[in-house]
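Enquirer: Quick one: this structure, given as structure tokens, is what I'll be asking you about.
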Amino acid sequence: MKVPRDLSGQDLVQTLCRKWGYRVVHQEGSHVVLETDDPSHQRLAVPAHRYLRIGTLNVILRTVANHKRVERDAIIESL
């Protein structure tokens, strides 16, 4: 499945919080720090940019997919 090219950092943060069990810890500059304890502890920084670069988005999606033990496409579909 293709990665969306017009996704903002804030949209990604909202999706990860609503559907994937993350919560906002704090924001440092232009990066929002997210945290989850399901299935184990993980912290993740998401740039709060207007449009995320494809490579940055791919790394975040792969990290979340590996941690949650789901396919990357499942996360893309929830966006």
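Please note that chains go A, B, ... in the order of the structure tokens, that every chain numbers its residues from 1, and that ligands are numbered from 1 in the order shown.
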Find the residues near A:Val33: any atom within 8 Å, counting only C-alpha atoms, skip ones fewer than 5 places away on the same chain, and give them as a PyMOL selection string.

Expert: chain A and resi 24-28+43-46

Enquirer: Keeping N, CA and C atoms for every residue in the selection just given, could you write it to a file as a short mmCIF file (atom, residue, chain, number, x, y, z; two decimals), in the first residue's frame?

Expert:
```
data_model
loop_
_atom_site.label_atom_id
_atom_site.label_comp_id
_atom_site.auth_asym_id
_atom_site.auth_seq_id
_atom_site.Cartn_x
_atom_site.Cartn_y
_atom_site.Cartn_z
N VAL A 24 0.31 11.57 24.16
CA VAL A 24 1.28 12.65 24.04
C VAL A 24 1.90 12.88 25.42
N VAL A 25 3.23 12.85 25.47
CA VAL A 25 3.95 13.10 26.71
C VAL A 25 4.27 14.59 26.81
N HIS A 26 4.91 15.13 25.78
CA HIS A 26 5.21 16.55 25.72
C HIS A 26 5.68 16.91 24.32
N GLN A 27 5.93 18.18 24.12
CA GLN A 27 6.42 18.65 22.83
C GLN A 27 7.69 19.44 23.07
N GLU A 28 8.72 19.10 22.32
CA GLU A 28 9.99 19.83 22.37
C GLU A 28 10.22 20.46 21.01
N ARG A 43 8.89 4.99 23.44
CA ARG A 43 8.76 6.43 23.19
C ARG A 43 9.07 6.68 21.74
N LEU A 44 8.39 7.68 21.17
CA LEU A 44 8.50 7.95 19.76
C LEU A 44 8.37 9.45 19.55
N ALA A 45 9.26 10.03 18.76
CA ALA A 45 9.19 11.45 18.43
C ALA A 45 8.64 11.62 17.02
N VAL A 46 7.63 12.47 16.89
CA VAL A 46 7.01 12.73 15.60
C VAL A 46 7.16 14.22 15.30
#
```

Enquirer: I want to know what sits within 12 Å of A:Ser8, based on only C-alpha atoms, with residues of the same chain fewer than 6 positions away left out; could you give that as JSON, numbers by chain?

Expert: {"A": [14, 15, 46, 47, 48, 49, 50, 51, 52, 53, 54, 56, 57, 79]}

Enquirer: Go ahead and save the picked residues with N, CA and C atoms, as a JSON list (two decimals), in the first residue's frame.

Expert:
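The new file out.json reads:
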```json
[["chain", "number", "residue", "atom", "x", "y", "z"],
["A", 14, "GLN", "N", -2.50, 12.33, 15.99],
["A", 14, "GLN", "CA", -3.90, 12.07, 16.35],
["A", 14, "GLN", "C", -4.29, 10.63, 16.06],
["A", 15, "THR", "N", -3.86, 10.09, 14.93],
["A", 15, "THR", "CA", -4.17, 8.70, 14.58],
["A", 15, "THR", "C", -3.50, 7.73, 15.53],
["A", 46, "VAL", "N", 7.63, 12.47, 16.89],
["A", 46, "VAL", "CA", 7.01, 12.73, 15.60],
["A", 46, "VAL", "C", 7.16, 14.22, 15.30],
["A", 47, "PRO", "N", 7.75, 14.56, 14.15],
["A", 47, "PRO", "CA", 7.86, 15.98, 13.79],
["A", 47, "PRO", "C", 6.48, 16.58, 13.55],
["A", 48, "ALA", "N", 6.22, 17.72, 14.13],
["A", 48, "ALA", "CA", 4.93, 18.40, 13.97],
["A", 48, "ALA", "C", 4.98, 19.33, 12.76],
["A", 49, "HIS", "N", 5.41, 18.81, 11.64],
["A", 49, "HIS", "CA", 5.54, 19.60, 10.42],
["A", 49, "HIS", "C", 4.25, 19.55, 9.63],
["A", 50, "ARG", "N", 4.12, 20.50, 8.71],
["A", 50, "ARG", "CA", 2.92, 20.56, 7.89],
["A", 50, "ARG", "C", 2.79, 19.30, 7.02],
["A", 51, "TYR", "N", 3.88, 18.88, 6.40],
["A", 51, "TYR", "CA", 3.91, 17.64, 5.62],
["A", 51, "TYR", "C", 5.13, 16.85, 6.05],
["A", 52, "LEU", "N", 4.93, 15.58, 6.37],
["A", 52, "LEU", "CA", 6.04, 14.72, 6.75],
["A", 52, "LEU", "C", 6.74, 14.22, 5.49],
["A", 53, "ARG", "N", 8.05, 14.15, 5.54],
["A", 53, "ARG", "CA", 8.80, 13.57, 4.43],
["A", 53, "ARG", "C", 8.51, 12.07, 4.37],
["A", 54, "ILE", "N", 8.57, 11.53, 3.18],
["A", 54, "ILE", "CA", 8.24, 10.12, 2.96],
["A", 54, "ILE", "C", 9.16, 9.21, 3.76],
["A", 56, "THR", "N", 10.83, 9.87, 6.53],
["A", 56, "THR", "CA", 10.53, 10.03, 7.95],
["A", 56, "THR", "C", 9.26, 9.27, 8.31],
["A", 57, "LEU", "N", 8.24, 9.41, 7.49],
["A", 57, "LEU", "CA", 6.98, 8.73, 7.73],
["A", 57, "LEU", "C", 7.17, 7.21, 7.67],
["A", 79, "LEU", "N", -4.87, 5.61, 8.65],
["A", 79, "LEU", "CA", -4.62, 7.04, 8.45],
["A", 79, "LEU", "C", -5.75, 7.60, 7.63]]
```

Enquirer: For the atom pair atom CA of A:Gly55 and atom CA of A:Leu12, what is the interatomic distance in Å to one decimal place?

Expert: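 Distance between the two atoms: 14.3 Å.
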
Enquirer: As a ChimeraX atom specification, please: all residues of chain A that backbone DSSP puts in strand (DSSP E or B).

Expert: /A:23-28,31-36,42-47

Enquirer: Between A:Asn58, A:Gln10, A:Asn66, A:Ser78, which has the minimum distance to A:Pro39 (counting only C-alpha atoms)?

Expert: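 Nearest to A:Pro39: A:Asn66.
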